[in-house]
Amino acid sequence: MKSIYLDHAASTPIHPKVAEEMMRVMTSQYGNASSVHAYGREAKKLMSGSRDRMAALLGCMPDELVFTAGGTESDNLAIFGTLEAMGLEGKHVITSAIEHHAVLHTCQELEKRGCEVTYVPVDETGRVSAEQVANAIQDNTVLITIMFGNNEIGTLQPIREIGELARSRGIVFHTDAVQALGTESIVCRDYPVDLWSFSAHKINGPGGIGALVVKRGHTLSPRLYGGLQEKKRRAGTENLAGIAGFAKAVELAVDGLADRRSHYMMLRNTFIQSLNQEIGQDAFAVNGHPEFFMPHIINISFPGVNTETMLMNLDMEGIAAASGSACTSGSLEVSHVLQAMELSEKLLHSAIRFSFGLGNTSQEMEYTAQKIGTIINRLRK
Ligand SMILES: Cc1ncc(COP(=O)(O)O)c(C=O)c1O
């Protein structure tokens with residue numbers, strides 16, 4: 001049986017060049033970058049080199065880059081760190097209804113601690129409007145956090161517009177760009193954004209390492225205490241191999257951006273065409289924005305076929321896809337993103353996320369579409 005991985009928005013395989021770089025670091029560097037001896041100095045040099053390279057690729061200053069343990073920690077640090085530095089009580093935060101839980105749950109926690117949060121709705125394509133964000137601004141609004149691109153449907157948000165709005169009102173702006181790095185051109189200094197979250201394992205880097213880009217001059221309270229690392233913004237001995245691997249993964253992603261984008265577009269188009277041939281255009285619907293989307297994520301509903309049933313049948317055929325929703329006690333919860341888009345019940349309960357990676361081929365797209373045809377016919381019988 002073939003085995004086809006179409007869940008790259010969940011995690012990606014490590015690129016061989018990233019693994020090679022990490023292996024080199026893991027087997028040759030064991031000093032602690034805070035130690036004063038030669039081993040420590042070597043470790044520090046290696047870390048600074050990775051930081052400098054990564055900052056250059058992301059268009060920020062090296063000291064604006066804070067290494068974390070992943071996208072979730074970056075989101076938490078951006079939101080809590082900003083609010084705690086200002087004093088939580090009575091402050092207002094604006095976010096959207098379709099953020100990743102790393103942002104949504106953090107905002108819910110803020111509410112428990114005396115902050116007010118507005119969850120701006122989205123349209124039927126999953127897009128936030130800058131106008132609605134503008135309407136939500138209050139005198140006590142201190143932070144806006146809206147993701148760059150959504151992890152379930154791929155829809156891109158009007159980040160520049162929202163950032164300009166935030167800047168004109170003196171409000172801090174954070175964006176979770178975890179899914180966008182690798183498909184969108186991100187030069188941090190070219191955007192009116194104060195805080196950016198990134199994660200390595202979504203771009204063929206290792207798990208457990210991420211970054212928060214913090215614009216110079218922005219004050220952040222740390223979430224972790226116990227050391228002076230990362231300019232007192234994130235305590236703890238640095239993950240040297242992870243940082244080196246992350247820098248390599250960013251280099252490959254940024255240098256190969258145009259190729260990646262066209263590869264994902266080709267896969268996406270082939271998939272849609274093949275589905276048209278195999279099941280006909282009335283048997284599926286693409287959820288998300290038709291123009292503003294990240295090409296590696298496509299969310300498709302197959303009306304009449306329940307999400308869980310389709311996922312299980314695909315798995316039996318060796319095809320790994322996902323629903324955006326969490327699996328709680330063995331059954332799938334309906335996705336908060338698709339709910340916020342107010343999809344019809346038919347589309348809501350039959351949605352599947354397919355997300356592409358470097359190793360996927362057009363033949364795999366054709367094969368997956370064929371298998372979907374077989375599954376639908378089998379279920380109809
Ligand atoms: C948009 C978005 N933000 C944050 C995260 C969390 O990142 P990590 O798995 O590195 O903690 C994810 C991962 O699914 C994501 O897709």
# chains A, B, ... in the order shown; residues from 1 in each chain; ligands from 1

call {"tool": "residues_near_ligand", "arguments": {"ligand": "ligand 1", "cutoff": "9 Å", "atoms": "only C-alpha atoms and all ligand atoms", "output": "PyMOL selection string"}}
result
chain A and resi 9-11+69-75+99-103+147-152+176-180+197-202+207-210

call {"tool": "select_by_dssp", "arguments": {"residues": "region 133-300 of chain A", "states": "strand (DSSP E)", "output": "list in words"}}
result
Thr141, Val142, Leu143, Ile144, Thr145, Val172, Phe173, His174, Thr175, Asp176, Leu195, Trp196, Ser197, Phe198, Ser199, Gly210, Ala211, Leu212, Val213, Val214, Ala285, Val286, Asn287, Ile297, Ile298, Asn299 and Ile300 of chain A

call {"tool": "closest_residue", "arguments": {"among": "A:Ser344, A:Asn299, A:Thr309, A:Asn287", "to": "Leu6 (chain A)", "atoms": "only C-alpha atoms"}}
result
A:Asn299

call {"tool": "residues_around", "arguments": {"residues": "Ile300 (chain A)", "least_positions_apart": "4", "cutoff": "9 Å", "atoms": "only C-alpha atoms", "output": "MDAnalysis selection string"}}
result
chainID A and resid 153 284:288 347 350:354

call {"tool": "closest_atom_pairs", "arguments": {"of": "region 207-236 of chain A", "to": "region 33-42 of chain A", "cutoff": "10 Å", "atoms": "only C-alpha atoms", "output": "JSON lines"}}
result
{"residue": "A:Gly227", "atom": "CA", "partner": "A:Ser34", "partner_atom": "CA", "distance": 9.5}
{"residue": "A:Leu228", "atom": "CA", "partner": "A:Ser34", "partner_atom": "CA", "distance": 9.0}
{"residue": "A:Gln229", "atom": "CA", "partner": "A:Ser34", "partner_atom": "CA", "distance": 8.0}

call {"tool": "write_last_selection", "arguments": {"atoms": "all heavy atoms", "output": "compact mmCIF listing (two decimals), in the first residue's frame"}}
result
# COMPACT_ATOMS: atom_id res chain seq x y z
N GLY A 227 17.35 32.84 34.47
CA GLY A 227 18.59 33.08 33.72
C GLY A 227 18.46 34.36 32.92
O GLY A 227 17.37 34.92 32.78
N LEU A 228 19.60 34.80 32.40
CA LEU A 228 19.60 36.08 31.68
C LEU A 228 19.58 35.91 30.16
O LEU A 228 19.73 36.87 29.42
CB LEU A 228 20.87 36.87 32.06
CG LEU A 228 21.11 37.08 33.57
CD1 LEU A 228 22.41 37.82 33.80
CD2 LEU A 228 19.94 37.85 34.18
N GLN A 229 19.35 34.65 29.73
CA GLN A 229 19.43 34.37 28.29
C GLN A 229 18.42 35.20 27.48
O GLN A 229 17.43 35.67 28.01
CB GLN A 229 19.16 32.87 28.03
CG GLN A 229 20.26 31.94 28.52
CD GLN A 229 20.02 31.46 29.94
OE1 GLN A 229 19.17 31.97 30.65
NE2 GLN A 229 20.80 30.47 30.36

call {"tool": "residues_around", "arguments": {"residues": "region 255-268 of chain A", "least_positions_apart": "3", "cutoff": "9 Å", "atoms": "only C-alpha atoms", "output": "list in words"}}
result
Leu57, Gly182, Thr183, Glu184, Ser185, Val250, Glu251, Leu252, Phe271, Ile272, Gln273, Met294, Pro295, His296, Ile297, Ile298, Phe356, Gly357, Leu358, Asn360, Thr361, Ser362, Glu364 and Met365 of chain A
